>>> print(open('input29.cif').read())   # mmCIF, C-alpha atoms
data_coords
loop_
_atom_site.label_atom_id
_atom_site.label_comp_id
_atom_site.auth_asym_id
_atom_site.auth_seq_id
_atom_site.Cartn_x
_atom_site.Cartn_y
_atom_site.Cartn_z
CA CYS X 1 0.00 0.00 0.00
CA ILE X 2 1.49 3.31 -1.07
CA SER X 3 0.13 5.07 2.03
CA THR X 4 2.35 2.91 4.24
CA CYS X 5 5.61 3.68 2.44
CA SER X 6 4.88 7.17 1.13
CA ALA X 7 7.21 8.72 3.73
CA LEU X 8 10.09 6.81 2.13
CA CYS X 9 9.44 8.20 -1.34
CA ALA X 10 11.75 10.81 -2.77
CA GLU X 11 10.61 14.38 -3.26
CA PRO X 12 8.71 15.76 -5.06
CA MET X 13 6.10 13.16 -4.11
CA GLU X 14 3.54 14.72 -6.43
CA LYS X 15 5.61 13.32 -9.28
CA THR X 16 7.40 10.38 -7.65
CA VAL X 17 4.30 8.58 -6.36
CA PRO X 18 2.28 8.59 -9.64
CA ARG X 19 5.36 7.67 -11.68
CA GLY X 20 6.18 4.78 -9.37
CA LEU X 21 2.62 3.48 -9.35
CA PHE X 22 2.23 3.64 -13.12
CA ALA X 23 5.67 2.07 -13.66
CA ALA X 24 4.79 -0.80 -11.30
CA LEU X 25 1.44 -1.26 -13.05
CA GLY X 26 3.11 -1.35 -16.46
CA LEU X 27 5.83 -3.80 -15.43
CA THR X 28 3.40 -6.13 -13.65
CA SER X 29 0.91 -6.12 -16.54
CA THR X 30 3.68 -6.72 -19.08
CA GLN X 31 5.06 -9.64 -17.11
CA TYR X 32 1.65 -11.30 -16.83
CA LEU X 33 0.82 -10.74 -20.49
CA LEU X 34 4.16 -12.11 -21.72
CA VAL X 35 3.81 -15.30 -19.68
CA LEU X 36 0.22 -15.87 -20.79
CA LEU X 37 0.89 -15.05 -24.45
CA VAL X 38 3.87 -17.42 -24.61
CA ALA X 39 1.89 -20.16 -22.88
CA ALA X 40 -1.05 -19.65 -25.24
CA GLY X 41 1.24 -19.75 -28.27
CA ILE X 42 3.07 -22.97 -27.45
CA SER X 43 -0.05 -24.84 -26.30
CA GLN X 44 -2.52 -23.93 -29.01
CA ASP X 45 -2.80 -27.55 -30.19
CA THR X 46 -2.71 -29.37 -26.84
CA HIS X 47 -4.15 -26.82 -24.39
CA PRO X 48 -6.19 -24.07 -26.14
CA TRP X 49 -6.49 -21.04 -23.89
CA GLN X 50 -10.29 -21.34 -23.92
CA THR X 51 -9.99 -24.59 -21.94
CA TRP X 52 -7.50 -23.37 -19.35
CA ASP X 53 -8.22 -24.16 -15.70
CA ASP X 54 -6.36 -24.23 -12.40
CA GLY X 55 -3.04 -25.98 -12.89
CA THR X 56 -2.96 -25.61 -16.67
CA LEU X 57 0.13 -23.39 -16.73
CA PRO X 58 2.37 -25.96 -14.98
CA SER X 59 1.09 -28.59 -17.43
CA ILE X 60 2.11 -26.39 -20.33
CA GLY X 61 5.51 -25.86 -18.71
CA PHE X 62 5.94 -29.62 -18.34
CA SER X 63 5.69 -29.95 -22.12
CA LEU X 64 8.90 -27.88 -22.37
CA GLY X 65 10.80 -30.14 -19.99
CA GLN X 66 11.42 -30.71 -16.30
CA TRP X 67 13.57 -27.59 -16.06
CA MET X 68 10.60 -25.37 -16.94
CA VAL X 69 8.47 -27.01 -14.24
CA GLY X 70 11.21 -26.27 -11.74
CA LEU X 71 11.41 -22.66 -12.85
CA LEU X 72 7.64 -22.23 -12.61
CA MET X 73 7.57 -23.72 -9.13
CA THR X 74 10.45 -21.52 -8.00
CA ALA X 75 8.81 -18.40 -9.44
CA SER X 76 5.52 -19.30 -7.76
CA VAL X 77 7.12 -19.88 -4.35
CA VAL X 78 9.25 -16.73 -4.49
CA GLY X 79 6.36 -14.59 -5.77
CA ASN X 80 3.90 -15.79 -3.14
CA ALA X 81 6.47 -15.47 -0.36
CA GLY X 82 7.34 -11.94 -1.45
CA GLN X 83 3.70 -10.87 -1.59
CA TYR X 84 2.93 -12.47 1.76
CA LEU X 85 5.91 -10.94 3.55
CA SER X 86 5.34 -7.49 2.07
CA GLU X 87 1.69 -7.50 3.15
CA PHE X 88 2.62 -8.92 6.56
CA MET X 89 5.12 -6.13 7.22
CA GLU X 90 2.78 -3.50 5.79
CA GLN X 91 0.07 -4.46 8.28
CA SER X 92 2.62 -4.56 11.11
CA TYR X 93 3.73 -1.01 10.36
CA LEU X 94 0.09 0.07 10.17
CA LEU X 95 -0.49 -1.41 13.64
CA GLN X 96 2.62 0.31 14.91
CA GLY X 97 1.41 3.64 13.51
CA ALA X 98 -2.03 3.12 15.05
CA ALA X 99 -0.37 2.39 18.40
CA ASP X 100 1.77 5.52 18.14
CA ILE X 101 -1.32 7.73 17.82
CA GLY X 102 -3.18 5.85 20.54
CA ILE X 103 -6.07 4.19 18.70
CA VAL X 104 -4.86 0.64 19.54
CA PRO X 105 -2.92 -0.58 22.63
CA ARG X 106 0.48 1.10 22.76
CA VAL X 107 2.22 -2.21 23.33
CA LEU X 108 1.70 -2.92 19.61
CA GLY X 109 4.01 0.00 18.83
CA ARG X 110 7.11 -1.50 20.43
CA VAL X 111 9.98 -1.98 18.01
CA LEU X 112 13.41 -3.59 17.95
CA PRO X 113 16.56 -1.45 17.67
CA SER X 114 16.40 -2.15 13.94
CA GLY X 115 12.94 -0.57 13.80
CA ALA X 116 11.00 -3.80 13.22
CA PRO X 117 7.60 -3.80 15.03
CA PHE X 118 8.06 -7.17 16.70
CA VAL X 119 4.95 -7.00 18.91
CA ALA X 120 2.72 -6.22 15.93
CA ASN X 121 4.42 -9.06 14.03
CA PHE X 122 3.69 -11.47 16.87
CA ALA X 123 0.05 -10.32 17.11
CA GLN X 124 -0.42 -11.00 13.41
CA LEU X 125 1.24 -14.39 13.74
CA VAL X 126 -1.20 -15.38 16.50
CA ILE X 127 -4.17 -14.36 14.34
CA ILE X 128 -2.81 -16.26 11.32
CA LEU X 129 -2.18 -19.42 13.35
CA SER X 130 -5.71 -19.27 14.79
CA LEU X 131 -7.12 -19.19 11.24
CA LEU X 132 -5.45 -22.50 10.43
CA ALA X 133 -8.34 -24.26 12.17
CA PHE X 134 -10.82 -22.93 9.59
CA ASP X 135 -11.69 -24.29 6.19
CA PHE X 136 -9.71 -22.73 3.34
CA GLY X 137 -12.89 -21.44 1.72
CA ASP X 138 -13.82 -19.65 4.96
CA ILE X 139 -10.35 -18.13 5.14
CA LEU X 140 -10.81 -16.73 1.63
CA ILE X 141 -14.13 -15.22 2.66
CA PHE X 142 -12.55 -13.65 5.75
CA ASP X 143 -9.68 -12.27 3.73
CA ASN X 144 -11.82 -10.80 0.94
CA PHE X 145 -14.36 -9.40 3.41
CA PHE X 146 -11.82 -7.59 5.57
CA CYS X 147 -9.79 -6.39 2.58
CA ALA X 148 -12.90 -4.93 0.94
CA THR X 149 -14.01 -3.39 4.24
CA ALA X 150 -10.58 -1.83 4.79
CA MET X 151 -10.56 -0.35 1.29
CA LEU X 152 -14.06 1.09 1.71
CA LEU X 153 -13.01 2.66 5.02
CA GLU X 154 -9.93 4.11 3.31
CA PHE X 155 -12.15 5.66 0.62
CA ILE X 156 -14.41 7.14 3.31
CA ALA X 157 -11.39 8.48 5.21
CA PHE X 158 -10.00 9.99 2.01
CA PHE X 159 -13.15 11.99 1.29
CA ALA X 160 -13.68 12.89 4.95
CA LEU X 161 -10.18 14.33 5.28
CA ARG X 162 -10.44 16.11 1.94
CA TRP X 163 -13.72 17.68 3.07
CA ARG X 164 -12.82 18.54 6.67
CA ARG X 165 -9.13 19.38 6.29
CA PRO X 166 -8.58 20.51 2.71
CA ASP X 167 -5.42 22.46 3.59
CA MET X 168 -3.64 19.62 5.40
CA ALA X 169 -0.20 18.76 3.99
CA ARG X 170 -0.33 15.61 1.85
CA PRO X 171 2.35 13.53 0.09
CA TYR X 172 0.16 13.58 -3.01
CA ARG X 173 -2.97 15.61 -3.65
CA THR X 174 -5.46 13.83 -5.89
CA PRO X 175 -6.90 16.22 -8.52
CA ARG X 176 -10.65 16.73 -8.30
CA ALA X 177 -10.98 15.62 -11.91
CA LEU X 178 -9.99 12.09 -10.84
CA PHE X 179 -12.67 11.79 -8.13
CA PRO X 180 -15.17 10.00 -10.46
CA MET X 181 -12.65 7.15 -10.74
CA PHE X 182 -13.57 6.19 -7.18
CA LEU X 183 -17.10 5.25 -8.24
CA PRO X 184 -16.33 2.06 -10.24
CA ALA X 185 -13.72 1.03 -7.65
CA ALA X 186 -16.22 1.50 -4.83
CA ALA X 187 -18.86 -0.43 -6.80
CA VAL X 188 -16.51 -3.39 -7.25
CA LEU X 189 -15.63 -3.34 -3.54
CA LEU X 190 -19.30 -3.28 -2.58
CA ILE X 191 -19.98 -6.27 -4.85
CA VAL X 192 -17.11 -8.19 -3.23
CA TRP X 193 -18.35 -7.19 0.22
CA VAL X 194 -21.93 -8.32 -0.45
CA HIS X 195 -20.71 -11.55 -2.07
CA CYS X 196 -18.61 -12.33 1.01
CA LEU X 197 -21.59 -11.74 3.28
CA SER X 198 -23.87 -13.92 1.17
CA GLY X 199 -21.27 -16.71 1.07
CA SER X 200 -20.47 -16.68 4.77
CA TRP X 201 -22.27 -17.46 8.01
CA PHE X 202 -23.65 -13.92 8.44
#
>>> encode(input="input29.cif", output="structure tokens")
Amino acid sequence: CISTCSALCAEPMEKTVPRGLFAALGLTSTQYLLVLLVAAGISQDTHPWQTWDDGTLPSIGFSLGQWMVGLLMTASVVGNAGQYLSEFMEQSYLLQGAADIGIVPRVLGRVLPSGAPFVANFAQLVIILSLLAFDFGDILIFDNFFCATAMLLEFIAFFALRWRRPDMARPYRTPRALFPMFLPAAAVLLIVWVHCLSGSWF
């Protein structure tokens, strides 16, 4: 989340933040498209892309040899680990920041000499371990529900701060012309939120 690491961005943030976000979007989209286009090209006869399902990509890689399967597995493990650890630390720093301003217990703001929020890390670990007792489908519902709720609250906070404190210093000030872009994003989040509620125990 850019809001967590915005203080680390170089000045001027009004240019650095949008450039970084668009560059990351372009690189990520290009990487996904290249992998899928290559896979679709080499498997047109055996695995047409219209019939793809979970696990199809490793099957296509197996047709190129064992080495490709190993590379795909390594890329999958490294990518998932990187995403998990980055999100884990992001949430830990958010808890630390919340503890620093007093909206959660201050003990969650304790850090090591290196600056790592070890108490927040441990609190997250306890929550994650407690979720292991649930069915994987329920865990997905929990995850999607709380992610969508958090994003909706961030949207509400964005507009509330822009309305109540328009002159507050900001790393990046969103132009008013871009405000309508929140509408489709909010609609998608609401759909995810309602779907999670309908597919859960609530």
>>> atom_distance(input="input29.cif", atom1="CA of Gln83 in chain X", atom2="CA of His195 in chain X")
24.4 Å
>>> closest_atom_pairs(input="input29.cif", of="range 61-125 of chain X", to="range 27-50 of chain X", cutoff="10 Å", atoms="all atoms listed in the file", output="CSV")
residue,atom,partner,partner_atom,distance
X:Gly61,CA,X:Ala39,CA,7.9
X:Ser63,CA,X:Ser43,CA,8.7
X:Leu64,CA,X:Ile42,CA,9.2
>>> write_last_selection(input="input29.cif", atoms="C-alpha atoms", output="PDB file, keeping the file's coordinate frame")
ATOM      1  CA  GLY X  61       5.510 -25.860 -18.710  1.00  0.00           C
ATOM      2  CA  SER X  63       5.690 -29.950 -22.120  1.00  0.00           C
ATOM      3  CA  LEU X  64       8.900 -27.880 -22.370  1.00  0.00           C
TER       4      LEU X  64
END
>>> atom_distance(input="input29.cif", atom1="CA of Trp193 in chain X", atom2="CA of Ala157 in chain X")
17.9 Å
>>> atom_distance(input="input29.cif", atom1="CA of Ala24 in chain X", atom2="CA of Ala148 in chain X")
21.9 Å
>>> closest_residue(input="input29.cif", among="X:Asn121, X:Ser114, X:Thr74, X:Ser198", to="Tyr93 in chain X", atoms="all atoms listed in the file")
X:Asn121
>>> resolve_selection(input="input29.cif", expression="the PyMOL selection byres ((chain X and resi 97) around 12)", output="ChimeraX atom specification")
/X:3-5,90-96,98-111,117,120
>>> write_last_selection(input="input29.cif", atoms="C-alpha atoms", output="PDB file, in the frame of the given file")
ATOM      1  CA  SER X   3       0.130   5.070   2.030  1.00  0.00           C
ATOM      2  CA  THR X   4       2.350   2.910   4.240  1.00  0.00           C
ATOM      3  CA  CYS X   5       5.610   3.680   2.440  1.00  0.00           C
ATOM      4  CA  GLU X  90       2.780  -3.500   5.790  1.00  0.00           C
ATOM      5  CA  GLN X  91       0.070  -4.460   8.280  1.00  0.00           C
ATOM      6  CA  SER X  92       2.620  -4.560  11.110  1.00  0.00           C
ATOM      7  CA  TYR X  93       3.730  -1.010  10.360  1.00  0.00           C
ATOM      8  CA  LEU X  94       0.090   0.070  10.170  1.00  0.00           C
ATOM      9  CA  LEU X  95      -0.490  -1.410  13.640  1.00  0.00           C
ATOM     10  CA  GLN X  96       2.620   0.310  14.910  1.00  0.00           C
ATOM     11  CA  ALA X  98      -2.030   3.120  15.050  1.00  0.00           C
ATOM     12  CA  ALA X  99      -0.370   2.390  18.400  1.00  0.00           C
ATOM     13  CA  ASP X 100       1.770   5.520  18.140  1.00  0.00           C
ATOM     14  CA  ILE X 101      -1.320   7.730  17.820  1.00  0.00           C
ATOM     15  CA  GLY X 102      -3.180   5.850  20.540  1.00  0.00           C
ATOM     16  CA  ILE X 103      -6.070   4.190  18.700  1.00  0.00           C
ATOM     17  CA  VAL X 104      -4.860   0.640  19.540  1.00  0.00           C
ATOM     18  CA  PRO X 105      -2.920  -0.580  22.630  1.00  0.00           C
ATOM     19  CA  ARG X 106       0.480   1.100  22.760  1.00  0.00           C
ATOM     20  CA  VAL X 107       2.220  -2.210  23.330  1.00  0.00           C
ATOM     21  CA  LEU X 108       1.700  -2.920  19.610  1.00  0.00           C
ATOM     22  CA  GLY X 109       4.010   0.000  18.830  1.00  0.00           C
ATOM     23  CA  ARG X 110       7.110  -1.500  20.430  1.00  0.00           C
ATOM     24  CA  VAL X 111       9.980  -1.980  18.010  1.00  0.00           C
ATOM     25  CA  PRO X 117       7.600  -3.800  15.030  1.00  0.00           C
ATOM     26  CA  ALA X 120       2.720  -6.220  15.930  1.00  0.00           C
TER      27      ALA X 120
END
>>> closest_residue(input="input29.cif", among="X:Thr56, X:Pro18, X:Phe134, X:Gly70", to="Pro175 in chain X", atoms="all atoms listed in the file")
X:Pro18
>>> closest_residue(input="input29.cif", among="X:Phe122, X:Phe146, X:Phe159, X:Phe22", to="Thr174 in chain X", atoms="only C-alpha atoms")
X:Phe159
>>> residues_around(input="input29.cif", residues="Cys196 in chain X", least_positions_apart="6", cutoff="8 Å", atoms="all atoms listed in the file", output="JSON, numbers by chain")
{"X": [141, 142, 144, 145]}
>>> closest_residue(input="input29.cif", among="X:Leu125, X:Arg173, X:Ser59, X:Leu152", to="Ile191 in chain X", atoms="all atoms listed in the file")
X:Leu152
